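Q: Let me begin by handing over the structure; questions about it come next.
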Amino acid sequence: MKKKMSLRKKILLNNSKNRNINKILIIFILVFITIVIVFNYINHKISPILLNYAEVETKKIASLIISKAINQEVSESLDVDKLFIISKDDKGEISTIDFDPVIVNKFLLQAINTVQTNLKNLENGNIDEINLGENVLLNYDQENLKKGVFFEMPMGVVFNNVLLANVGPKIPVRFRLIGDIIANIESKVTNYGINNALIEVTIKLVLNERVILPVTSKSITVFVNIPIALKIIQGTVPNYYFNGLNNSSPILKIPME
């Protein structure tokens, strides 16, 4: 009898252990499924909002660094007067205006290298090597920047509410350069007074980046246009000045000599 009782106890104990193991396994599976569902919800519902916010901030800091870098290169290496090649005819009048390709290519190369170096330093957390002035990154957390995180975004931004904007855990936002930086020079010529032309020279940069969040990432393209030079080209003053006419205006020619 005692042996039978002991066998029954053992069987009951084994059954209870198996039940406990099954319960633990079921709880584990339920928790795992819940986590998967939550992450899927975050990925489909919340991630686009977070990515849009992070994209705006990433473009802002990239544009800031690019502008500072280009302005630094303009002040240090670009001579505006040597940028243009002005050709004149036999009468001394301007016939053509063009860029000096050697100076343009040299400037573009230096500008691209400066922008790329500073963005790479920011990406890797080497903010002490960013040589663009002390106030460039003043509005960002310096300790986070040293970790390669250029800002932390609160989860509360998904509510699109001012009162809840700073609520919730902080999500670190990083970025990574992908591809090359493309730069070119463009000019715009407008009338400026009588027989004068105003030439505006702009450098256009296209930068490809990837915004990186803990659960997702997104490729973005940053377009930056920065004026680098203005020059007034003076032409020959005409002998007569004609200011247009309308129905009630007599036709007059006013000698300028």
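Ordering of the structure tokens sets the chain letters (A, B, ...); residue numbers start at 1 within each chain; ligands are numbered from 1 in the order shown.
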So that I can see what lies close to stretch 63-71 of chain A, please list as a PyMOL selection string the residues with an atom at most 8 Å from it, counting only C-alpha atoms and leaving out residues fewer than 4 positions away in the same chain.
A: chain A and resi 59+75+111+114-115+118-119+132+136+222+224+226+228
Q: Set out as CSV a contact list for stretch 29-122 of chain A and stretch 160-179 of chain A with a cut-off of 8 Å, giving each residue of stretch 29-122 of chain A that qualifies its closest atom pair and distance in Å to one decimal, counting only C-alpha atoms, ordered by chain and rising residue number.
A:
```
residue,atom,partner,partner_atom,distance
A:Ala54,CA,A:Val173,CA,6.9
A:Thr58,CA,A:Phe175,CA,7.4
A:Leu119,CA,A:Leu177,CA,7.8
A:Lys120,CA,A:Leu177,CA,7.4
```
Q: Selected residues, N, CA and C atoms, written as a PDB file, in the first residue's frame, please.
A:
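For reference, selection.pdb as written:
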```pdb
ATOM      1  N   ALA A  54      12.405  63.068 -37.193  1.00  0.00           N
ATOM      2  CA  ALA A  54      13.864  62.921 -37.241  1.00  0.00           C
ATOM      3  C   ALA A  54      14.434  63.436 -38.554  1.00  0.00           C
ATOM      4  N   THR A  58      17.331  66.155 -38.907  1.00  0.00           N
ATOM      5  CA  THR A  58      18.568  65.772 -39.602  1.00  0.00           C
ATOM      6  C   THR A  58      18.892  66.750 -40.723  1.00  0.00           C
ATOM      7  N   LEU A 119      30.802  66.320 -41.450  1.00  0.00           N
ATOM      8  CA  LEU A 119      29.655  65.435 -41.247  1.00  0.00           C
ATOM      9  C   LEU A 119      30.103  64.058 -40.752  1.00  0.00           C
ATOM     10  N   LYS A 120      31.228  63.572 -41.242  1.00  0.00           N
ATOM     11  CA  LYS A 120      31.760  62.296 -40.765  1.00  0.00           C
ATOM     12  C   LYS A 120      32.166  62.389 -39.299  1.00  0.00           C
TER      13      LYS A 120
END
```
Q: Would you list, as an MDAnalysis selection string, the residues of stretch 22-239 of chain A that end up in helix (DSSP H, G or I) under DSSP run on this structure's backbone?
A: chainID A and resid 22:77 80:83 101:124 127:129 142:146 155:159
Q: So, with only C-alpha atoms as the atoms that count, which of A:Lys218, A:Arg210, A:Pro227, A:Phe84 lies closest to A:Ile97?
A: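 Closest candidate: A:Phe84.
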Q: Could you work out how far atom CA of A:Leu137 lies from atom CA of A:Asp79, giving the answer in Å with one decimal?
A: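 Distance between the two atoms: 28.4 Å.
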Q: Could you work out how far atom CA of A:Ala183 lies from atom CA of A:Asn124, giving the answer in Å with one decimal?
A: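 Separation of atom CA of A:Asn124 and atom CA of A:Ala183: 23.2 Å.
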Q: Could you tell me, as number ranges by chain, which residues of stretch 29-144 of chain A DSSP assigns to strand (DSSP E) when given the backbone?
A: A: 84-88, 94-99
Q: Just to confirm, what's the straight-line distance from atom CA of A:Ile61 to atom CA of A:Ala229 in Å (one decimal)?
A: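 It comes out at 23.6 Å.
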Q: Do a neighbour search on stretch 139-146 of chain A at 8 Å with only C-alpha atoms, toss out local chain neighbours closer than 6 positions, and write the hits as a count of residues only.
A: 5
